[in-house]
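Just start-v5.cif here, mmCIF, C-alpha atoms:
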```
data_final
#
loop_
_atom_site.group_PDB
_atom_site.id
_atom_site.type_symbol
_atom_site.label_atom_id
_atom_site.label_comp_id
_atom_site.auth_asym_id
_atom_site.auth_seq_id
_atom_site.Cartn_x
_atom_site.Cartn_y
_atom_site.Cartn_z
ATOM 1 C CA MET A 1 37.118 -10.420 300.317
ATOM 2 C CA ASN A 2 39.756 -8.366 298.594
ATOM 3 C CA PRO A 3 43.149 -8.894 300.336
ATOM 4 C CA ASP A 4 44.467 -5.648 298.817
ATOM 5 C CA PHE A 5 42.459 -3.887 301.530
ATOM 6 C CA ILE A 6 44.874 -4.962 304.287
ATOM 7 C CA GLY A 7 46.436 -1.829 305.730
ATOM 8 C CA ARG A 8 43.742 0.453 304.369
ATOM 9 C CA SER A 9 42.537 3.218 306.701
ATOM 10 C CA TYR A 10 39.166 4.872 306.480
ATOM 11 C CA PRO A 11 38.435 8.544 307.139
ATOM 12 C CA PRO A 12 37.722 9.378 310.802
ATOM 13 C CA SER A 13 34.147 9.104 312.026
ATOM 14 C CA ALA A 14 32.137 12.235 312.800
ATOM 15 C CA PRO A 15 32.915 13.560 316.307
ATOM 16 C CA TYR A 16 30.939 11.795 319.048
ATOM 17 C CA LEU A 17 30.257 13.776 322.197
ATOM 18 C CA VAL A 18 30.115 11.485 325.238
ATOM 19 C CA GLY A 19 27.022 12.565 327.140
ATOM 20 C CA ARG A 20 26.764 12.321 330.916
ATOM 21 C CA GLU A 21 23.270 10.814 330.843
ATOM 22 C CA LYS A 22 24.316 8.332 328.144
ATOM 23 C CA VAL A 23 27.197 7.185 330.346
ATOM 24 C CA ARG A 24 24.833 6.767 333.293
ATOM 25 C CA GLU A 25 22.328 4.872 331.144
ATOM 26 C CA PHE A 26 25.065 2.530 329.888
ATOM 27 C CA ALA A 27 26.404 1.965 333.413
ATOM 28 C CA ARG A 28 22.869 1.264 334.672
ATOM 29 C CA ALA A 29 22.328 -1.268 331.857
ATOM 30 C CA LEU A 30 25.389 -3.172 333.096
ATOM 31 C CA GLY A 31 24.203 -2.992 336.699
ATOM 32 C CA GLU A 32 27.237 -0.931 337.735
ATOM 33 C CA ILE A 33 27.118 0.312 341.321
ATOM 34 C CA ASP A 34 30.326 2.351 341.670
ATOM 35 C CA GLU A 35 29.481 6.046 341.969
ATOM 36 C CA VAL A 36 32.348 6.926 339.648
ATOM 37 C CA TYR A 37 30.002 6.020 336.759
ATOM 38 C CA PHE A 38 27.074 8.116 338.008
ATOM 39 C CA ASP A 39 28.105 10.916 340.325
ATOM 40 C CA VAL A 40 30.130 13.857 338.997
ATOM 41 C CA ASP A 41 31.440 14.881 342.419
ATOM 42 C CA ALA A 42 32.489 11.310 343.230
ATOM 43 C CA ALA A 43 34.261 11.054 339.871
ATOM 44 C CA ARG A 44 36.035 14.391 340.388
ATOM 45 C CA ALA A 45 37.084 13.406 343.890
ATOM 46 C CA ARG A 46 38.821 10.422 342.307
ATOM 47 C CA GLY A 47 40.655 12.495 339.740
ATOM 48 C CA PHE A 48 38.348 12.323 336.714
ATOM 49 C CA SER A 49 36.933 15.366 334.979
ATOM 50 C CA ASP A 50 33.404 13.883 334.849
ATOM 51 C CA VAL A 51 31.538 10.573 335.208
ATOM 52 C CA VAL A 52 33.536 7.631 333.861
ATOM 53 C CA ALA A 53 32.188 5.382 331.099
ATOM 54 C CA PRO A 54 32.402 1.619 331.809
ATOM 55 C CA PRO A 55 35.237 0.016 329.805
ATOM 56 C CA THR A 56 33.082 -1.527 327.076
ATOM 57 C CA TYR A 57 31.447 1.825 326.269
ATOM 58 C CA ALA A 58 34.269 2.210 323.724
ATOM 59 C CA ILE A 59 32.452 -0.239 321.446
ATOM 60 C CA ARG A 60 29.979 2.512 320.521
ATOM 61 C CA LEU A 61 32.792 4.386 318.825
ATOM 62 C CA SER A 62 34.574 1.465 317.210
ATOM 63 C CA MET A 63 31.476 -0.308 315.894
ATOM 64 C CA ALA A 64 30.000 2.830 314.373
ATOM 65 C CA ALA A 65 33.316 3.428 312.614
ATOM 66 C CA ALA A 66 33.670 -0.219 311.551
ATOM 67 C CA GLU A 67 30.282 -0.060 309.875
ATOM 68 C CA ASN A 68 31.788 2.044 307.081
ATOM 69 C CA VAL A 69 34.326 -0.714 306.502
ATOM 70 C CA VAL A 70 31.888 -3.588 306.649
ATOM 71 C CA MET A 71 29.501 -1.830 304.271
ATOM 72 C CA ASP A 72 32.254 -0.871 301.781
ATOM 73 C CA PRO A 73 31.079 -2.599 298.565
ATOM 74 C CA ASP A 74 34.646 -2.790 297.230
ATOM 75 C CA LEU A 75 35.794 -4.851 300.225
ATOM 76 C CA GLY A 76 33.363 -7.627 299.329
ATOM 77 C CA LEU A 77 32.284 -8.669 302.819
ATOM 78 C CA ASP A 78 28.765 -10.064 303.101
ATOM 79 C CA TYR A 79 27.682 -8.037 306.118
ATOM 80 C CA THR A 80 24.390 -9.934 306.467
ATOM 81 C CA ARG A 81 26.454 -12.926 307.644
ATOM 82 C CA VAL A 82 28.787 -11.041 309.974
ATOM 83 C CA VAL A 83 29.139 -11.940 313.642
ATOM 84 C CA HIS A 84 31.499 -10.460 316.223
ATOM 85 C CA GLY A 85 34.281 -13.009 316.731
ATOM 86 C CA ASP A 86 36.443 -11.311 319.299
ATOM 87 C CA GLN A 87 37.126 -7.953 320.791
ATOM 88 C CA ARG A 88 40.007 -6.289 322.590
ATOM 89 C CA PHE A 89 40.474 -2.814 323.990
ATOM 90 C CA GLU A 90 43.762 -1.140 324.894
ATOM 91 C CA TYR A 91 43.123 1.771 327.211
ATOM 92 C CA ALA A 92 45.291 4.864 327.441
ATOM 93 C CA ARG A 93 42.718 6.209 329.902
ATOM 94 C CA PRO A 94 38.994 5.716 330.613
ATOM 95 C CA ILE A 95 36.436 7.548 328.464
ATOM 96 C CA VAL A 96 34.710 10.267 330.495
ATOM 97 C CA ALA A 97 31.586 12.348 329.874
ATOM 98 C CA GLY A 98 32.452 15.435 327.880
ATOM 99 C CA ASP A 99 35.024 13.674 325.691
ATOM 100 C CA GLU A 100 34.560 14.490 322.048
ATOM 101 C CA LEU A 101 35.876 11.452 320.193
ATOM 102 C CA VAL A 102 36.624 10.343 316.662
ATOM 103 C CA ALA A 103 37.482 6.808 315.544
ATOM 104 C CA THR A 104 39.799 5.965 312.674
ATOM 105 C CA VAL A 105 39.560 2.398 311.428
ATOM 106 C CA THR A 106 42.328 0.448 309.725
ATOM 107 C CA ILE A 107 42.021 -3.043 308.269
ATOM 108 C CA ASP A 108 44.675 -5.155 309.975
ATOM 109 C CA GLY A 109 43.893 -8.505 308.421
ATOM 110 C CA ILE A 110 41.780 -10.400 305.931
ATOM 111 C CA ARG A 111 41.788 -14.171 305.764
ATOM 112 C CA SER A 112 39.633 -17.201 305.181
ATOM 113 C CA ALA A 113 39.330 -20.176 307.499
ATOM 114 C CA ALA A 114 36.923 -23.115 307.419
ATOM 115 C CA GLY A 115 34.775 -21.401 304.802
ATOM 116 C CA ASN A 116 34.491 -18.199 306.833
ATOM 117 C CA ASP A 117 35.833 -14.776 305.908
ATOM 118 C CA ILE A 118 37.647 -13.191 308.826
ATOM 119 C CA LEU A 119 38.275 -9.463 309.016
ATOM 120 C CA THR A 120 40.351 -7.849 311.753
ATOM 121 C CA THR A 121 40.065 -4.131 312.263
ATOM 122 C CA ARG A 122 41.777 -1.621 314.510
ATOM 123 C CA ALA A 123 39.979 1.539 315.561
ATOM 124 C CA GLU A 124 42.013 4.308 317.170
ATOM 125 C CA ILE A 125 39.686 6.378 319.308
ATOM 126 C CA ARG A 126 41.066 9.848 319.918
ATOM 127 C CA THR A 127 39.784 13.128 321.216
ATOM 128 C CA VAL A 128 39.211 15.767 318.543
ATOM 129 C CA SER A 129 42.466 17.341 319.704
ATOM 130 C CA GLY A 130 44.344 14.112 318.940
ATOM 131 C CA GLU A 131 44.816 12.471 322.359
ATOM 132 C CA LEU A 132 44.672 8.678 322.042
ATOM 133 C CA VAL A 133 42.079 7.292 324.491
ATOM 134 C CA VAL A 134 41.367 3.703 323.427
ATOM 135 C CA THR A 135 42.469 1.363 320.661
ATOM 136 C CA SER A 136 39.827 -1.193 319.770
ATOM 137 C CA HIS A 137 40.661 -4.426 317.955
ATOM 138 C CA SER A 138 37.676 -6.282 316.501
ATOM 139 C CA THR A 139 37.477 -9.539 314.627
ATOM 140 C CA LEU A 140 34.418 -9.873 312.451
ATOM 141 C CA VAL A 141 33.522 -13.240 310.979
ATOM 142 C CA ALA A 142 31.318 -13.670 307.912
ATOM 143 C CA ARG A 143 30.045 -17.196 308.201
ATOM 144 C CA GLY A 144 30.277 -19.301 305.063
ATOM 145 C CA SER A 145 27.023 -19.220 303.100
ATOM 146 C CA ASP A 146 27.040 -23.003 302.599
ATOM 147 C CA VAL A 147 26.772 -23.812 306.302
ATOM 148 C CA MET B 148 45.101 -15.384 343.614
ATOM 149 C CA LYS B 149 41.357 -15.445 342.999
ATOM 150 C CA LEU B 150 39.137 -12.386 342.649
ATOM 151 C CA PRO B 151 35.661 -12.354 344.226
ATOM 152 C CA SER B 152 33.361 -14.053 341.717
ATOM 153 C CA LYS B 153 30.060 -12.581 340.556
ATOM 154 C CA SER B 154 26.757 -13.848 339.181
ATOM 155 C CA PHE B 155 24.666 -11.737 336.838
ATOM 156 C CA PRO B 156 21.030 -12.599 336.129
ATOM 157 C CA ILE B 157 20.171 -11.744 332.513
ATOM 158 C CA THR B 158 16.515 -11.423 331.573
ATOM 159 C CA ARG B 159 14.787 -10.061 328.461
ATOM 160 C CA GLU B 160 14.538 -6.786 330.333
ATOM 161 C CA THR B 161 18.333 -6.746 330.746
ATOM 162 C CA LEU B 162 18.703 -7.192 326.980
ATOM 163 C CA ILE B 163 16.235 -4.446 326.098
ATOM 164 C CA ARG B 164 17.865 -2.082 328.557
ATOM 165 C CA TYR B 165 21.292 -2.860 327.088
ATOM 166 C CA ALA B 166 20.007 -2.499 323.511
ATOM 167 C CA GLY B 167 18.775 0.985 324.310
ATOM 168 C CA ALA B 168 21.896 1.998 326.196
ATOM 169 C CA SER B 169 24.330 0.614 323.610
ATOM 170 C CA GLY B 170 22.424 1.336 320.420
ATOM 171 C CA ASP B 171 22.719 -2.316 319.336
ATOM 172 C CA PHE B 172 19.193 -3.174 318.183
ATOM 173 C CA ASN B 173 20.023 -6.414 316.354
ATOM 174 C CA VAL B 174 16.730 -8.357 316.429
ATOM 175 C CA ILE B 175 18.312 -11.629 317.583
ATOM 176 C CA HIS B 176 18.706 -9.971 320.987
ATOM 177 C CA TRP B 177 15.003 -9.324 321.525
ATOM 178 C CA ASN B 178 12.866 -11.165 318.960
ATOM 179 C CA GLU B 179 12.411 -14.889 319.580
ATOM 180 C CA ARG B 180 10.787 -15.501 316.196
ATOM 181 C CA VAL B 181 13.728 -14.073 314.258
ATOM 182 C CA ALA B 182 16.296 -15.687 316.569
ATOM 183 C CA THR B 183 14.865 -19.170 316.107
ATOM 184 C CA ASP B 184 14.386 -18.549 312.350
ATOM 185 C CA VAL B 185 18.139 -18.049 311.974
ATOM 186 C CA GLY B 186 18.838 -21.251 313.898
ATOM 187 C CA LEU B 187 19.466 -19.981 317.400
ATOM 188 C CA PRO B 188 17.928 -21.863 320.333
ATOM 189 C CA ASN B 189 16.274 -18.644 321.541
ATOM 190 C CA VAL B 190 16.987 -14.938 321.963
ATOM 191 C CA ILE B 191 20.674 -14.473 322.842
ATOM 192 C CA ALA B 192 22.454 -11.790 324.842
ATOM 193 C CA HIS B 193 24.656 -9.237 323.070
ATOM 194 C CA GLY B 194 28.263 -10.452 323.185
ATOM 195 C CA MET B 195 29.251 -6.969 324.287
ATOM 196 C CA LEU B 196 26.794 -7.175 327.192
ATOM 197 C CA THR B 197 28.411 -10.416 328.352
ATOM 198 C CA MET B 198 31.836 -8.821 327.938
ATOM 199 C CA GLY B 199 30.713 -5.701 329.806
ATOM 200 C CA LEU B 200 29.321 -7.701 332.727
ATOM 201 C CA ALA B 201 32.325 -10.022 332.978
ATOM 202 C CA ILE B 202 34.830 -7.183 333.424
ATOM 203 C CA ARG B 203 32.952 -6.038 336.534
ATOM 204 C CA VAL B 204 34.757 -8.811 338.402
ATOM 205 C CA VAL B 205 37.927 -6.842 337.664
ATOM 206 C CA THR B 206 36.727 -3.236 337.870
ATOM 207 C CA ASP B 207 34.791 -3.692 341.127
ATOM 208 C CA TRP B 208 37.925 -5.283 342.602
ATOM 209 C CA LEU B 209 40.259 -2.572 341.257
ATOM 210 C CA ASP B 210 38.208 0.341 342.545
ATOM 211 C CA ASP B 211 39.963 2.620 340.022
ATOM 212 C CA PRO B 212 38.836 2.509 336.373
ATOM 213 C CA SER B 213 42.095 4.053 335.168
ATOM 214 C CA ARG B 214 44.032 0.958 336.243
ATOM 215 C CA LEU B 215 42.472 -1.166 333.491
ATOM 216 C CA LEU B 216 44.981 -1.200 330.638
ATOM 217 C CA ASP B 217 43.739 -3.950 328.363
ATOM 218 C CA TYR B 218 40.690 -6.196 328.084
ATOM 219 C CA GLY B 219 39.895 -8.734 325.418
ATOM 220 C CA CYS B 220 37.859 -11.866 324.816
ATOM 221 C CA ARG B 221 36.496 -14.181 322.197
ATOM 222 C CA PHE B 222 32.746 -14.688 321.812
ATOM 223 C CA THR B 223 32.708 -18.473 321.821
ATOM 224 C CA ARG B 224 29.107 -19.353 322.719
ATOM 225 C CA PRO B 225 26.010 -17.200 323.127
ATOM 226 C CA VAL B 226 24.204 -16.646 326.419
ATOM 227 C CA VAL B 227 20.708 -17.952 325.675
ATOM 228 C CA VAL B 228 17.977 -15.935 327.378
ATOM 229 C CA PRO B 229 14.578 -17.659 327.494
ATOM 230 C CA ASP B 230 11.397 -15.759 328.328
ATOM 231 C CA ASP B 231 10.507 -18.028 331.250
ATOM 232 C CA GLY B 232 10.437 -15.561 334.120
ATOM 233 C CA GLU B 233 13.959 -16.525 335.065
ATOM 234 C CA GLY B 234 16.189 -15.841 332.078
ATOM 235 C CA ALA B 235 19.860 -16.766 332.172
ATOM 236 C CA LEU B 236 22.573 -16.590 334.786
ATOM 237 C CA LEU B 237 26.100 -15.485 333.866
ATOM 238 C CA GLU B 238 28.710 -16.651 336.353
ATOM 239 C CA VAL B 239 32.118 -15.012 336.207
ATOM 240 C CA THR B 240 35.292 -15.936 338.050
ATOM 241 C CA GLY B 241 38.679 -14.315 337.760
ATOM 242 C CA LYS B 242 42.190 -15.115 338.880
ATOM 243 C CA VAL B 243 45.515 -13.377 338.642
ATOM 244 C CA THR B 244 47.635 -15.488 336.305
ATOM 245 C CA SER B 245 50.778 -13.372 336.164
ATOM 246 C CA ILE B 246 52.336 -10.313 337.730
ATOM 247 C CA ASP B 247 55.173 -8.495 336.030
ATOM 248 C CA ASP B 248 56.548 -4.974 336.109
ATOM 249 C CA GLY B 249 53.627 -3.468 338.043
ATOM 250 C CA ARG B 250 51.052 -5.151 335.873
ATOM 251 C CA ALA B 251 48.789 -8.075 336.656
ATOM 252 C CA VAL B 252 47.108 -10.263 334.080
ATOM 253 C CA ILE B 253 43.710 -11.568 335.122
ATOM 254 C CA THR B 254 42.083 -14.493 333.378
ATOM 255 C CA LEU B 255 38.296 -14.535 333.464
ATOM 256 C CA ALA B 256 35.976 -17.501 333.083
ATOM 257 C CA ALA B 257 32.386 -16.729 332.065
ATOM 258 C CA VAL B 258 29.859 -19.554 332.192
ATOM 259 C CA SER B 259 26.129 -19.696 331.517
ATOM 260 C CA ALA B 260 23.999 -22.846 331.684
ATOM 261 C CA GLY B 261 27.174 -24.869 332.176
ATOM 262 C CA VAL B 262 28.735 -23.550 328.943
ATOM 263 C CA THR B 263 31.807 -21.307 328.635
ATOM 264 C CA VAL B 264 30.589 -18.244 326.752
ATOM 265 C CA LEU B 265 33.771 -16.145 326.555
ATOM 266 C CA GLY B 266 37.102 -17.528 325.411
ATOM 267 C CA LYS B 267 40.562 -16.184 326.240
ATOM 268 C CA ALA B 268 39.008 -13.469 328.387
ATOM 269 C CA THR B 269 41.928 -11.594 329.910
ATOM 270 C CA ALA B 270 42.433 -8.190 331.451
ATOM 271 C CA THR B 271 45.692 -6.425 332.196
ATOM 272 C CA VAL B 272 45.669 -4.009 335.113
ATOM 273 C CA ARG B 273 48.166 -1.640 336.657
ATOM 274 C CA ILE B 274 48.881 -2.540 340.269
ATOM 275 C CA ASP B 275 51.828 -0.279 341.122
#
```

What does the file become when written as structure tokens?
Amino acid sequence: MNPDFIGRSYPPSAPYLVGREKVREFARALGEIDEVYFDVDAARARGFSDVVAPPTYAIRLSMAAAENVVMDPDLGLDYTRVVHGDQRFEYARPIVAGDELVATVTIDGIRSAAGNDILTTRAEIRTVSGELVVTSHSTLVARGSDV
Amino acid sequence: MKLPSKSFPITRETLIRYAGASGDFNVIHWNERVATDVGLPNVIAHGMLTMGLAIRVVTDWLDDPSRLLDYGCRFTRPVVVPDDGEGALLEVTGKVTSIDDGRAVITLAAVSAGVTVLGKATATVRID
């Protein structure tokens, strides 16, 4: 990979509108039982504007945005060998249905270890009006082709 | 201090449901032929599914999603999900490892088939 890409930011992703049914579907897939993820009135009674997305819902935004990075031919990452190494979210607040979000990805690090290429990215997930909601840190590992 | 632990059964149905809900249709999470072709023991669960289930130990305990400030983990080993009518079992335990300035750090342990599947899984929550 090209180390000159450290610090590079990519243009923000297209706005993603968080749908109420999509939140419910995601919560159901994780077996969530708390009504805050399903019931609008329950969510509002607890101070949220709409149903709350489970914490890992943020990956939808960051992974879609990271795809542009991973697929960038100038970066030189072999995306067919990429696995998700680790993941961290910093939450300013939970994502809720109705949020319209954009993700801006920056390359935080590029290194090689044990024959693997390791790429760390940071995606800032903001509302279209600029409010920071979640920062997602992902480490992607391209496994060495000789193993 | 320990949090109430949880066990999550993961079957092929769980994986297909999660694939649809998350938009992650990577074939190694539903196609045994492809999974074994690339050297995996069988179909494996999405790392993000494992991560999403594990944090329920924290969020169900917190009872307020806005108290979760930070959550991270390493995907150390896959959860292998055989098509044997039983699938896999993910067992998650959590304990508070530090409290400082209104924030608690919770360390999670996620185990399936006797193997630790998430590394350095920690969540920071607001407790003030």

Residues within 12 Å of Asp34 of chain A, all atoms listed in the file, excluding chain neighbours under 4 positions, as number ranges by chain: A: 24, 27-28, 30, 38-40, 42-43, 46, 51-54; B: 203, 206-212

Residues returned when the PyMOL selection byres ((chain A and resi 76-89) around 7) runs on this file, as an mmCIF file with C-alpha atoms, keeping the file's coordinate frame:
```cif
data_model
loop_
_atom_site.group_PDB
_atom_site.id
_atom_site.type_symbol
_atom_site.label_atom_id
_atom_site.label_comp_id
_atom_site.auth_asym_id
_atom_site.auth_seq_id
_atom_site.Cartn_x
_atom_site.Cartn_y
_atom_site.Cartn_z
ATOM 1 C CA MET A 1 37.118 -10.420 300.317
ATOM 2 C CA ASN A 2 39.756 -8.366 298.594
ATOM 3 C CA VAL A 70 31.888 -3.588 306.649
ATOM 4 C CA MET A 71 29.501 -1.830 304.271
ATOM 5 C CA PRO A 73 31.079 -2.599 298.565
ATOM 6 C CA ASP A 74 34.646 -2.790 297.230
ATOM 7 C CA LEU A 75 35.794 -4.851 300.225
ATOM 8 C CA GLU A 90 43.762 -1.140 324.894
ATOM 9 C CA TYR A 91 43.123 1.771 327.211
ATOM 10 C CA VAL A 134 41.367 3.703 323.427
ATOM 11 C CA THR A 135 42.469 1.363 320.661
ATOM 12 C CA SER A 136 39.827 -1.193 319.770
ATOM 13 C CA HIS A 137 40.661 -4.426 317.955
ATOM 14 C CA SER A 138 37.676 -6.282 316.501
ATOM 15 C CA THR A 139 37.477 -9.539 314.627
ATOM 16 C CA LEU A 140 34.418 -9.873 312.451
ATOM 17 C CA VAL A 141 33.522 -13.240 310.979
ATOM 18 C CA ALA A 142 31.318 -13.670 307.912
ATOM 19 C CA ARG A 143 30.045 -17.196 308.201
ATOM 20 C CA ASP B 217 43.739 -3.950 328.363
ATOM 21 C CA TYR B 218 40.690 -6.196 328.084
ATOM 22 C CA GLY B 219 39.895 -8.734 325.418
ATOM 23 C CA CYS B 220 37.859 -11.866 324.816
ATOM 24 C CA ARG B 221 36.496 -14.181 322.197
ATOM 25 C CA PHE B 222 32.746 -14.688 321.812
#
```

Could you check the closest approach to chain A for each of B:Gly170, B:Gly261, B:Gly232, B:Gly186 and tell me which residue wins, using all atoms listed in the file? B:Gly170

Pick out the residues sitting within 10 Å of Met63 of chain A, and hand them over as JSON, numbers by chain; count all atoms listed in the file, and ignore anything fewer than 4 positions along from it in its own chain. {"A": [58, 59, 67, 68, 69, 70, 103, 105, 123, 136, 138], "B": [171]}

Can you work out the spacing between atom CA of Asp72 of chain A and atom CA of Arg111 of chain A in Å, to one decimal? 16.8 Å

If the PyMOL selection byres ((chain B and resi 159) around 8) were run on this exact file, what residues would it hold? Put them as a count of residues only. 11

Quick one: axis-aligned box around all listed atoms of segment 206-218 of chain B, 6 Å on every side, centre and edge lengths in Å to one decimal, written as lines of an AutoDock Vina configuration file.
```
center_x = 39.9
center_y = -1.1
center_z = 335.3
size_x = 22.2
size_y = 22.2
size_z = 26.5
```

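Among B:Ala268, B:Val190, B:Met198, B:Val204, the residue with the shortest atom-to-atom distance to Asp231 of chain B, counting all atoms listed in the file, is B:Val190.
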
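Of the residues listed (A:Phe26, A:Tyr10, A:Tyr37, A:Tyr16), A:Phe26 shows the shortest atom-to-atom separation from chain B; distances use only C-alpha atoms.
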
Report, in Å with one decimal, the straight-line distance from atom CA of Glu233 of chain B to atom CA of Ala166 of chain B. 19.2 Å

Could you check the closest approach to chain B for each of A:Pro3, A:Gly144, A:Gly47, A:Gly115 and tell me which residue wins, using only C-alpha atoms? A:Gly47

For chain B, which residue among A:Thr121, A:Ile6, A:Ala14, A:Glu21 is the nearest when counting all atoms listed in the file? A:Glu21

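Using all atoms listed in the file, the shortest contact distance between chain A and any of B:Gly266, B:Gly249, B:Pro188, B:Gly241 is found at B:Gly266.
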
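Take atom CA of Ala251 of chain B and atom CA of Asp275 of chain B: the distance between them is 9.5 Å.
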
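Around segment 130-132 of chain A, within 9 Å and counting all atoms listed in the file, the residues found are Tyr91, Ala92, Arg93, Leu101, Val102, Glu124 and Ile125 of chain A, once anything fewer than 5 positions away on its own chain is removed.
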
Explicit residue set for the PyMOL selection byres ((chain A and resi 19) around 9), as a list in words: Leu17, Val18, Arg20, Glu21, Lys22, Val23, Arg24, Val96, Ala97, Gly98 and Asp99 of chain A

Please produce a file of the residues just selected, as an mmCIF file, in the frame of the given file, where the atoms kept are C-alpha atoms.
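part_6.cif was written with the following content:
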```
data_model
loop_
_atom_site.group_PDB
_atom_site.id
_atom_site.type_symbol
_atom_site.label_atom_id
_atom_site.label_comp_id
_atom_site.auth_asym_id
_atom_site.auth_seq_id
_atom_site.Cartn_x
_atom_site.Cartn_y
_atom_site.Cartn_z
ATOM 1 C CA LEU A 17 30.257 13.776 322.197
ATOM 2 C CA VAL A 18 30.115 11.485 325.238
ATOM 3 C CA ARG A 20 26.764 12.321 330.916
ATOM 4 C CA GLU A 21 23.270 10.814 330.843
ATOM 5 C CA LYS A 22 24.316 8.332 328.144
ATOM 6 C CA VAL A 23 27.197 7.185 330.346
ATOM 7 C CA ARG A 24 24.833 6.767 333.293
ATOM 8 C CA VAL A 96 34.710 10.267 330.495
ATOM 9 C CA ALA A 97 31.586 12.348 329.874
ATOM 10 C CA GLY A 98 32.452 15.435 327.880
ATOM 11 C CA ASP A 99 35.024 13.674 325.691
#
```

List every protein, DNA or RNA residue that has an atom no more than 9 Å from (30.0, -5.5, 330.9) in the file's coordinate frame, counting only C-alpha atoms, and report them as an MDAnalysis selection string. (chainID A and resid 27 29:32 54:57) or (chainID B and resid 195:203)

Could you list, as a PyMOL selection string, every residue within 12 Å of Asp248 of chain B, counting all atoms listed in the file and ignoring same-chain residues fewer than 3 positions away? chain B and resi 245+251-252+271-275

Once you have the residues from the selection above, write them out as a short mmCIF file (atom, residue, chain, number, x, y, z; two decimals), keeping the file's coordinate frame, restricted to C-alpha atoms.
```
data_model
loop_
_atom_site.label_atom_id
_atom_site.label_comp_id
_atom_site.auth_asym_id
_atom_site.auth_seq_id
_atom_site.Cartn_x
_atom_site.Cartn_y
_atom_site.Cartn_z
CA SER B 245 50.78 -13.37 336.16
CA ALA B 251 48.79 -8.07 336.66
CA VAL B 252 47.11 -10.26 334.08
CA THR B 271 45.69 -6.42 332.20
CA VAL B 272 45.67 -4.01 335.11
CA ARG B 273 48.17 -1.64 336.66
CA ILE B 274 48.88 -2.54 340.27
CA ASP B 275 51.83 -0.28 341.12
#
```
